[in-house]
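Q: Please find run_20.cif (mmCIF, C-alpha atoms) on the next line:
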```cif
data_final
#
loop_
_atom_site.label_atom_id
_atom_site.label_comp_id
_atom_site.auth_asym_id
_atom_site.auth_seq_id
_atom_site.Cartn_x
_atom_site.Cartn_y
_atom_site.Cartn_z
CA MET F 1 -18.37 9.33 -0.16
CA ALA F 2 -17.19 9.55 3.45
CA PRO F 3 -14.77 12.38 4.32
CA ILE F 4 -11.10 11.42 4.26
CA THR F 5 -9.27 12.18 7.50
CA VAL F 6 -5.54 12.77 7.42
CA ARG F 7 -3.67 11.68 10.54
CA ASN F 8 -0.22 13.21 10.69
CA LEU F 9 1.72 10.45 12.44
CA ARG F 10 5.44 9.86 12.82
CA PHE F 11 6.78 6.41 13.70
CA PRO F 12 10.27 6.21 15.24
CA LEU F 13 11.64 2.82 14.18
CA ASP F 14 15.22 2.91 15.47
CA ASP F 15 14.46 0.41 18.23
CA THR F 16 12.49 -2.06 16.12
CA PRO F 17 14.18 -5.43 15.52
CA GLN F 18 15.47 -6.42 12.11
CA TYR F 19 13.00 -9.31 11.84
CA TRP F 20 10.03 -7.50 13.26
CA LEU F 21 7.20 -9.77 12.08
CA GLY F 22 7.25 -12.49 14.70
CA GLY F 23 10.96 -13.03 14.11
CA GLN F 24 10.23 -14.55 10.69
CA ARG F 25 12.87 -13.32 8.27
CA SER F 26 11.25 -13.90 4.86
CA LEU F 27 7.92 -12.39 5.98
CA SER F 28 9.54 -9.32 7.52
CA LEU F 29 11.43 -8.87 4.25
CA LEU F 30 8.23 -9.17 2.21
CA LEU F 31 6.73 -6.18 3.98
CA ASP F 32 10.07 -4.40 3.95
CA GLN F 33 10.44 -4.66 0.18
CA LEU F 34 6.90 -3.34 -0.28
CA SER F 35 7.88 -0.36 1.87
CA ILE F 36 10.78 0.41 -0.46
CA VAL F 37 8.50 0.80 -3.49
CA PHE F 38 5.88 2.92 -1.71
CA PRO F 39 7.54 6.38 -1.91
CA PRO F 40 8.06 6.34 -5.72
CA GLY F 41 4.75 4.54 -6.20
CA GLU F 42 2.76 7.02 -4.16
CA SER F 43 4.38 9.94 -5.98
CA PHE F 44 3.24 8.36 -9.26
CA PHE F 45 -0.28 7.88 -7.87
CA MET F 46 -0.56 11.52 -6.83
CA GLU F 47 0.85 12.72 -10.14
CA SER F 48 -1.59 10.62 -12.16
CA VAL F 49 -4.60 11.94 -10.23
CA ARG F 50 -3.34 15.52 -10.21
CA ALA F 51 -3.21 15.50 -14.03
CA PHE F 52 -7.03 15.53 -14.13
CA GLU F 53 -7.95 17.70 -11.15
CA ARG F 54 -9.00 20.62 -13.34
CA GLU F 55 -11.58 18.38 -15.03
CA LEU F 56 -13.31 17.50 -11.77
CA THR F 57 -16.52 19.40 -11.11
CA ASP F 58 -17.94 17.44 -8.16
CA PRO F 59 -16.90 19.28 -4.95
CA THR F 60 -17.13 16.06 -2.92
CA LEU F 61 -14.72 14.28 -5.25
CA ARG F 62 -12.41 17.30 -5.31
CA ALA F 63 -12.29 17.23 -1.48
CA ALA F 64 -11.61 13.49 -1.55
CA VAL F 65 -8.74 14.08 -3.98
CA ARG F 66 -7.18 16.59 -1.56
CA GLY F 67 -7.44 14.02 1.21
CA PHE F 68 -5.96 11.36 -1.05
CA HIS F 69 -2.93 13.53 -1.82
CA ALA F 70 -2.38 14.34 1.84
CA GLN F 71 -2.64 10.75 3.02
CA GLU F 72 -0.34 9.48 0.28
CA ALA F 73 2.23 12.20 0.95
CA LEU F 74 2.38 11.27 4.63
CA HIS F 75 2.62 7.57 3.83
CA GLY F 76 5.53 8.32 1.52
CA ARG F 77 7.28 10.35 4.20
CA GLU F 78 7.01 7.60 6.81
CA HIS F 79 8.08 4.85 4.44
CA ALA F 80 11.07 6.90 3.33
CA GLN F 81 12.39 6.94 6.89
CA TYR F 82 11.41 3.26 7.27
CA ASN F 83 13.59 2.57 4.22
CA GLU F 84 16.52 4.44 5.75
CA ARG F 85 16.36 1.85 8.53
CA LEU F 86 16.53 -0.94 5.95
CA ALA F 87 19.55 0.63 4.27
CA LYS F 88 21.38 0.58 7.59
CA TRP F 89 20.85 -3.19 7.71
CA GLY F 90 22.55 -3.48 4.31
CA TYR F 91 19.49 -4.29 2.20
CA PRO F 92 19.42 -3.25 -1.50
CA VAL F 93 17.15 -0.26 -0.92
CA LYS F 94 18.74 1.89 -3.63
CA ALA F 95 18.65 -0.91 -6.20
CA ILE F 96 14.97 -1.71 -5.57
CA ASP F 97 14.09 1.99 -5.52
CA ARG F 98 15.87 2.46 -8.88
CA SER F 99 14.09 -0.59 -10.31
CA SER F 100 10.71 0.81 -9.26
CA ARG F 101 11.47 4.28 -10.57
CA ARG F 102 12.58 2.87 -13.93
CA MET F 103 9.31 0.95 -14.25
CA LEU F 104 7.27 4.05 -13.41
CA ALA F 105 9.36 6.17 -15.81
CA LEU F 106 8.57 3.66 -18.54
CA ALA F 107 4.87 3.92 -17.71
CA ARG F 108 5.06 7.71 -17.97
CA LEU F 109 6.86 7.41 -21.31
CA VAL F 110 4.65 4.88 -23.09
CA LEU F 111 1.22 5.26 -21.48
CA PRO F 112 -1.15 8.18 -22.05
CA LYS F 113 -2.29 10.08 -18.96
CA ARG F 114 -5.60 8.23 -18.71
CA ALA F 115 -3.82 4.90 -18.82
CA GLN F 116 -1.46 6.09 -16.06
CA LEU F 117 -4.51 6.96 -13.99
CA ALA F 118 -5.87 3.47 -14.70
CA VAL F 119 -2.59 2.03 -13.38
CA THR F 120 -3.14 3.98 -10.17
CA ALA F 121 -6.74 2.77 -9.85
CA ALA F 122 -5.58 -0.82 -10.38
CA LEU F 123 -2.75 -0.67 -7.84
CA GLU F 124 -4.96 1.13 -5.32
CA HIS F 125 -7.27 -1.90 -5.58
CA PHE F 126 -4.27 -4.10 -4.71
CA THR F 127 -3.34 -2.02 -1.68
CA ALA F 128 -6.92 -1.87 -0.43
CA LEU F 129 -7.24 -5.67 -0.54
CA PHE F 130 -3.90 -6.16 1.21
CA ALA F 131 -5.00 -3.59 3.78
CA GLN F 132 -8.18 -5.50 4.57
CA VAL F 133 -6.16 -8.61 5.42
CA ALA F 134 -3.86 -6.46 7.57
CA LEU F 135 -6.83 -4.99 9.46
CA ALA F 136 -8.69 -8.27 9.95
CA GLU F 137 -9.35 -9.64 13.42
CA ASP F 138 -6.86 -12.45 12.79
CA SER F 139 -4.32 -10.13 11.14
CA PHE F 140 -0.79 -11.38 10.63
CA LEU F 141 0.30 -8.04 12.11
CA HIS F 142 -0.63 -9.25 15.59
CA LYS F 143 2.79 -10.95 15.55
CA ALA F 144 4.55 -7.69 14.70
CA HIS F 145 6.60 -5.35 16.87
CA PRO F 146 4.10 -2.78 18.27
CA GLN F 147 5.58 0.20 16.42
CA MET F 148 5.58 -1.63 13.08
CA ASP F 149 2.10 -2.96 13.75
CA ALA F 150 0.86 0.59 14.35
CA LEU F 151 2.55 1.95 11.21
CA TRP F 152 1.23 -0.75 8.90
CA ARG F 153 -2.30 -0.67 10.35
CA TRP F 154 -2.43 3.15 10.00
CA HIS F 155 -1.32 2.85 6.40
CA ALA F 156 -3.81 0.03 5.76
CA ALA F 157 -6.74 1.95 7.25
CA GLU F 158 -6.07 5.04 5.17
CA GLU F 159 -5.63 2.97 2.00
CA ASN F 160 -9.15 1.71 2.57
CA GLU F 161 -10.45 5.20 3.29
CA HIS F 162 -9.28 6.50 -0.09
CA SER F 163 -9.62 3.24 -2.05
CA ALA F 164 -12.20 4.69 -4.45
CA VAL F 165 -10.63 8.09 -5.18
CA ALA F 166 -8.44 7.23 -8.19
CA PHE F 167 -11.17 4.92 -9.49
CA ASP F 168 -13.80 7.67 -9.28
CA VAL F 169 -11.52 10.15 -11.05
CA LEU F 170 -10.88 7.56 -13.77
CA GLN F 171 -14.59 6.93 -14.21
CA GLN F 172 -15.28 10.65 -14.51
CA VAL F 173 -12.56 11.41 -17.06
CA SER F 174 -12.71 8.16 -19.05
CA GLY F 175 -15.20 5.51 -17.97
CA SER F 176 -13.68 3.09 -20.47
CA TYR F 177 -14.20 -0.49 -19.34
CA PRO F 178 -11.61 -1.93 -21.81
CA LEU F 179 -9.01 0.56 -20.56
CA ARG F 180 -9.71 -0.27 -16.92
CA VAL F 181 -9.49 -4.06 -17.26
CA SER F 182 -6.61 -4.19 -19.77
CA ILE F 183 -4.51 -1.97 -17.51
CA MET F 184 -5.39 -4.17 -14.53
CA VAL F 185 -4.03 -7.21 -16.38
CA LEU F 186 -0.85 -5.29 -17.21
CA ALA F 187 -0.48 -3.92 -13.67
CA THR F 188 -1.06 -7.34 -12.09
CA THR F 189 1.57 -8.97 -14.27
CA PHE F 190 4.25 -6.38 -13.55
CA PHE F 191 3.36 -6.09 -9.86
CA LEU F 192 3.72 -9.83 -9.25
CA LEU F 193 6.93 -10.10 -11.26
CA LYS F 194 8.55 -7.12 -9.55
CA THR F 195 7.43 -8.30 -6.10
CA LEU F 196 9.06 -11.68 -6.72
CA GLU F 197 12.22 -10.02 -8.06
CA HIS F 198 12.46 -7.74 -5.03
CA GLN F 199 11.84 -10.62 -2.63
CA LEU F 200 14.68 -12.56 -4.21
CA ARG F 201 16.98 -9.54 -3.86
CA MET F 202 16.08 -9.04 -0.20
CA MET F 203 16.46 -12.70 0.71
CA ALA F 204 19.79 -12.91 -1.14
CA ALA F 205 21.07 -9.87 0.77
CA ASP F 206 19.94 -11.50 4.01
CA GLY F 207 21.65 -14.81 3.20
CA ILE F 208 18.44 -16.86 3.18
CA LEU F 209 17.80 -17.19 -0.55
CA PHE F 210 18.23 -20.97 -0.40
CA SER F 211 16.61 -21.52 3.00
CA ARG F 212 13.85 -24.14 2.74
CA GLU F 213 12.46 -23.03 6.08
CA GLU F 214 12.12 -19.41 4.98
CA TRP F 215 10.54 -20.30 1.63
CA ARG F 216 8.07 -22.61 3.43
CA ALA F 217 7.10 -19.72 5.69
CA PHE F 218 6.78 -17.42 2.67
CA PHE F 219 4.47 -19.76 0.75
CA ARG F 220 2.52 -20.59 3.90
CA PHE F 221 1.89 -16.87 4.34
CA LEU F 222 0.58 -16.60 0.77
CA PHE F 223 -1.51 -19.78 0.62
CA VAL F 224 -2.17 -21.21 4.13
CA ASP F 225 -1.99 -18.79 7.06
CA PRO F 226 -3.10 -16.03 6.68
CA ALA F 227 -3.48 -17.24 3.06
CA MET F 228 -2.94 -13.75 1.67
CA LEU F 229 -3.48 -14.64 -1.99
CA VAL F 230 -6.35 -17.02 -1.20
CA ARG F 231 -8.18 -14.28 0.71
CA VAL F 232 -7.81 -11.58 -1.91
CA TYR F 233 -8.23 -13.38 -5.23
CA LYS F 234 -12.06 -13.29 -5.25
CA PRO F 235 -12.36 -9.56 -4.42
CA TYR F 236 -9.47 -8.95 -6.83
CA LEU F 237 -11.53 -10.54 -9.63
CA GLU F 238 -14.46 -8.28 -8.79
CA TYR F 239 -12.51 -5.47 -10.45
CA TYR F 240 -13.19 -7.08 -13.84
CA ARG F 241 -16.96 -6.69 -13.50
CA ARG F 242 -18.29 -3.96 -15.74
CA ASP F 243 -20.35 -2.47 -12.87
CA PHE F 244 -17.61 -2.73 -10.24
CA HIS F 245 -16.96 0.00 -7.69
CA PRO F 246 -14.40 -0.23 -4.81
CA HIS F 247 -17.05 0.54 -2.19
CA GLN F 248 -18.84 -2.69 -3.10
CA ILE F 249 -16.07 -4.43 -1.15
CA ASP F 250 -17.21 -3.31 2.29
CA SER F 251 -14.40 -2.52 4.72
CA SER F 252 -16.48 -0.26 6.98
CA ALA F 253 -16.46 -2.61 9.98
CA LEU F 254 -12.68 -3.00 9.80
CA LEU F 255 -12.25 0.76 9.54
CA GLU F 256 -14.56 1.47 12.47
CA THR F 257 -12.68 -1.02 14.64
CA TRP F 258 -9.37 0.60 13.73
CA LYS F 259 -10.73 4.12 14.31
CA ARG F 260 -11.71 3.14 17.85
CA GLU F 261 -8.20 1.77 18.31
CA PHE F 262 -6.74 5.00 16.91
CA ALA F 263 -8.80 7.07 19.34
CA SER F 264 -7.77 5.08 22.39
CA ALA F 265 -4.40 3.40 21.81
CA PRO F 266 -1.45 5.23 23.44
CA ILE F 267 0.88 4.27 20.58
CA TYR F 268 -1.13 6.43 18.17
CA ARG F 269 -1.55 9.28 20.63
CA ASP F 270 2.20 9.30 21.27
CA ASN F 271 2.98 9.28 17.54
CA LEU F 272 0.53 12.04 16.58
CA TYR F 273 2.71 14.82 15.18
CA ALA F 274 -0.01 17.41 14.68
CA LYS F 275 -2.31 17.43 17.72
CA ARG F 276 -5.35 17.25 15.51
CA SER F 277 -6.71 15.26 12.57
CA ALA F 278 -7.48 17.47 9.59
CA LEU F 279 -7.08 17.68 5.86
CA VAL F 280 -3.65 18.93 4.90
CA SER F 281 -2.07 19.60 1.54
CA GLU F 282 1.52 18.72 2.39
CA PRO F 283 3.18 16.67 5.11
CA ALA F 284 4.60 18.62 8.03
#
```
Rewrite the structure from the file as structure tokens, please.
A:
Amino acid sequence: MAPITVRNLRFPLDDTPQYWLGGQRSLSLLLDQLSIVFPPGESFFMESVRAFERELTDPTLRAAVRGFHAQEALHGREHAQYNERLAKWGYPVKAIDRSSRRMLALARLVLPKRAQLAVTAALEHFTALFAQVALAEDSFLHKAHPQMDALWRWHAAEENEHSAVAFDVLQQVSGSYPLRVSIMVLATTFFLLKTLEHQLRMMAADGILFSREEWRAFFRFLFVDPAMLVRVYKPYLEYYRRDFHPHQIDSSALLETWKREFASAPIYRDNLYAKRSALVSEPA
């Protein structure tokens, strides 16, 4: 397992346009609504992994868990201030946040701790696959405002770096194949339904709920260019193999390309809050 590097970045977004993804409203809102659910989601992820830390004996995995917590905490911090920007535009940030928190509270109430960890492993698979499309050479983010492009690519790269952490913890404390795949079915169903619900709320708030042009762009994004769902459905299905491991979906070339960008691009150097990259336990 490669070491997990935590990059303490801050992204000022006050000057970014409302429709920051190539001026396309529905697509900007799709990423925006995902941002709203990240802070409560990442808190749940950290909590579910932390519940089993005392059972971990492998020092490499324990170090990876520390890196996982640090990366997720920083992602949550940056998306929280991203979401403040959305609230200023009048989007239903509080309503979507409440909806997400209610869903996670229900999971905490009805699911045992190992099942909650399986939810995290499943959703981390989702984010890793999305991240690989975001980091691809023909990434849809090339149309984005530079600051938003940098934020989303940073988040995507680190999601791929820690993509196996929750899965490895789950395998060590449970290893149950039926638990893993049944929870993935459950997580997929609720993720897709809530994503559609939140997209409808965002588009309604923006006044484009009945715009044929915006819905065409939305479905083109999913199925034609960059064909998000078409690109990820095969690696998504890999999760259901009994011998699956996240590292079997190789993102190393994408990560190396982004790391070179991180080392040389002024936008990352300017946004680096701590003048070093190191493992941290809490965001600064």
Q: Mind telling me what the PyMOL selection byres ((chain F and resi 209) around 12) catches here, as a PyMOL selection string?
A: chain F and resi 25-26+29+197-208+210-216+218
Q: Could you check how far atom CA of Gln248 of chain F sits from atom CA of Phe38 of chain F, in Å to one decimal?
A: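 A separation of 25.4 Å between them.
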Q: Can you spell out as a PyMOL selection string the set of residues that the PyMOL selection byres ((chain F and resi 159) around 10) selects in the structure I just provided?
A: chain F and resi 68+71-72+75+124-132+153-158+160-164
Q: Rank F:Phe52, F:Trp20, F:Phe191, F:Tyr236 by their smallest atom-to-atom distance to Leu117 of chain F, using all atoms listed in the file, and report the top residue only.
A: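 So, comparing all the options, the nearest one is F:Phe52.
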Q: Restricting the calculation to all atoms listed in the file, which member of F:Pro17, F:Pro226, F:Gly175, F:Pro92 is positioned closest to Asp138 of chain F?
A: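 Smallest distance to Asp138 of chain F is found for F:Pro226.
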Q: Could you check how far atom CA of Asp270 of chain F sits from atom CA of His145 of chain F, in Å to one decimal?
A: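 Taking atom CA of Asp270 of chain F and atom CA of His145 of chain F, their separation equals 15.9 Å.
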Q: Please, what distance in Å, to one decimal, runs between atom CA of Ala107 of chain F and atom CA of Val169 of chain F?
A: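 Distance between the two atoms: 18.8 Å.
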Q: What does the PyMOL selection byres ((chain F and resi 93) around 9) select in this file, as a list in words?
A: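 Applied to this file, the PyMOL selection byres ((chain F and resi 93) around 9) selects Gln33, Ile36, Asn83, Glu84, Leu86, Ala87, Gly90, Tyr91, Pro92, Lys94, Ala95, Ile96, Asp97, Arg98 and Met202 of chain F.
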